[in-house]
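Let me begin by presenting the structure, written as C-alpha cells, before commenting on it.
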Amino acid sequence: MLLDIFRRGALYTLVGVLTSTAFAGAATGAYVERRSSPVVVAYYVDADQDSLTTLLTHGHRISWIITTNFTLLDLTGRLYGVHDPEVVEAAHRLGSEVHFRVANFVGGDWSRAVAHAVLTHPAARSQAVARILLVLDAYQYDGVNLDLENVPPKDRAALSSFVAEVSRKVHARGKTLTIAVPGKTQDWPDSNWAGAFDLAALGHASDAIIVMAYDQHWSTSAPGPVAALPWVEEVAQFAAQEVGPDKVLLGLAFYGYDWPRRGHAVGVSMREAEHRAARSGARIQWDQDAHVPYFKTATRTVYFENARSIEHKLELATRHSLGGIAAWRLGQELPQVWDVVSAYGGPQHTNIPAPP
C-alpha cells in the first residue's frame, strides 16, 4: 500500500511502500500510564517558525505535542502528509509525547465531501483507517488526534462508529486516541456544524475529547470575543456532563481576530494584536463580562487572548476538574502565557482514565 508523504526540505523523510503489517508490535501505549496532574496539549504547525521556536523553548512544559501534517485529501480515504523526525525527536527529548492529527482540511477549508466519504463509503473508510495505522506503526508517534470538521449531521452515527473503530485499533497498539469536537452548550443533532458530534458516544470511544472552546465569534461573524469566559464555562460544563470531566481537554485560543468596519476579519496572534494596538495608538481594554482584552480604532475592532484571559480559563479548568487543556496553537502566544500554563500544569502528566 502506498502512503503519500511529501518531502519538504531536508527535515522531512519520504515514506515509500508500506504494508498493513509494518511494525505491528506489542501494545505498550502511553495511554496505559495514568498520572495525577492535568495534561497540557498544544498543536504544532510546521509552516510557522515561531511554532518550532516555542516547541524548543517550552516543550518541557507540554505533555503532548500534536503535529498537523496529515490530511485526508480525497474521497478515496488516502492520507497525505509529512513526517518530520527531528520535531518528533526534539519533543521526545523534552519529555513530551507526540501525536499526529488527521484532518479533512482540503484547499483551505474543511471538506464535507471528504468527511462524508471516509465515514460512510466502506472502501474509503477502510483505506483511511489502514493508512492512519500505517503512520502510527511506522514512526515514533504516541497517539492519534482525529480532527474531522464540517461533518454532515446525517453522518452522526457514522462518525461515532468510525471513531470507535479507529480507537480500538489504536488501543491495540498501546497508543492514545483523541478527537477534536466543536464547542457547544447543548446537543443539537440537526446543527449544520456541530450536529454530527455525539459527545457521549465519542467520549466513550476515545481517551479524551478536545473541546474547541473558541471561535465563539469568527472571521465572518460580527466582532466579539473569540472565547468569552461565561460561554467557555457553559461549553466545559456540557462536555463534562456528557463524557465526565476527566476526559475533557479544554481547547484554548492563542489568537484573536481583527475585524474591519466592513468585510471579513483576519486572524492575529497575541503578539500581532498587541503590535497593531501600539501602531494605531489604541488603548487595549478589558472586557469585564467576557474576561478578554480588546481594542478599537476608527476602522477596526480587535478581540484576542492574553496571559490574563488564559489564566481565567485555566482556573475554570481547575475548578471543574477537567482532564487538561489543549492550545491552538504553538507560536501564536506571548511568553507570559507559559508562566500561567506552568502554574496550572505542573509536571507533564495526565489524569485521563483508561478506556473501557
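Numbering starts fresh at 1 for the residues of each chain in the C-alpha cells, the chains themselves are lettered A, B, ... in the order given, and ligands are numbered from 1 as they appear.
Excluding stretch 253-270 of chain A and any residue on its chain fewer than 6 positions from it, the residues at most 7 Å away by only C-alpha atoms are Tyr214, Ser219, Thr220, Pro223, Val226, Thr299, Arg300, Thr301, Val302, Tyr303, Phe304, Glu305, Asn306, Ala327, Trp328, Arg329, Gln332, Glu333 and Leu334 of chain A.
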Atoms kept (C-alpha atoms) for selection, written as a PDB file, in the first residue's frame:
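What follows is the written file out26.pdb:
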```pdb
ATOM      1  CA  TYR A 214     -13.086  29.089  20.776  1.00  0.00           C
ATOM      2  CA  SER A 219     -13.792  35.710  10.731  1.00  0.00           C
ATOM      3  CA  THR A 220     -17.193  36.121   9.054  1.00  0.00           C
ATOM      4  CA  PRO A 223     -16.913  41.377  16.066  1.00  0.00           C
ATOM      5  CA  VAL A 226     -13.111  34.574  20.443  1.00  0.00           C
ATOM      6  CA  THR A 299     -11.914  51.469  11.334  1.00  0.00           C
ATOM      7  CA  ARG A 300     -11.204  48.211  13.164  1.00  0.00           C
ATOM      8  CA  THR A 301     -12.218  46.059  16.159  1.00  0.00           C
ATOM      9  CA  VAL A 302      -9.800  43.503  17.600  1.00  0.00           C
ATOM     10  CA  TYR A 303     -10.566  40.828  20.195  1.00  0.00           C
ATOM     11  CA  PHE A 304      -7.838  38.456  21.282  1.00  0.00           C
ATOM     12  CA  GLU A 305      -6.448  36.429  24.187  1.00  0.00           C
ATOM     13  CA  ASN A 306      -3.527  37.119  26.505  1.00  0.00           C
ATOM     14  CA  ALA A 327      -3.959  25.075  22.865  1.00  0.00           C
ATOM     15  CA  TRP A 328      -4.383  26.118  19.252  1.00  0.00           C
ATOM     16  CA  ARG A 329      -1.601  26.777  18.564  1.00  0.00           C
ATOM     17  CA  GLN A 332       0.828  32.462  18.482  1.00  0.00           C
ATOM     18  CA  GLU A 333       1.142  33.080  22.212  1.00  0.00           C
ATOM     19  CA  LEU A 334       3.045  35.655  24.238  1.00  0.00           C
TER      20      LEU A 334
END
```
Within 9 Å of A:Ala158, counting only C-alpha atoms, which residues show up once you throw out same-chain ones fewer than 5 positions away? Write them as a ChimeraX atom specification, please.
-> /A:116,119-120,163,196
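Reported to one decimal place, the separation of atom CA of A:Gly77 from atom CA of A:Gln127 is 5.3 Å.
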Skipping near chain neighbours, those fewer than 5 positions away, what residues fall within 12 Å of A:Asn192 using only C-alpha atoms, listed as a PyMOL selection string?
-> chain A and resi 112+149-156+182+197
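Compared by their closest atoms to A:Asp142, and using only C-alpha atoms, the residues A:Asp289, A:Asp46, A:Glu165, A:Glu89 rank with A:Glu89 nearest.
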Near-A:Gln285 list (9 Å; only C-alpha atoms; drop same-chain fewer than 6 positions) as a VMD selection string = chain A and resid 292 to 296
Apply DSSP to the structure's backbone, then extract all residues of stretch 183-328 of chain A labelled strand (DSSP E or B) and return them as a PyMOL selection string.
-> chain A and resi 208-212+248-253+255-260+266-269+285-287+292-296+300-303+324-328
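Here atom CA of A:Phe70 and atom CA of A:Ala205 stand 21.7 Å from one another.
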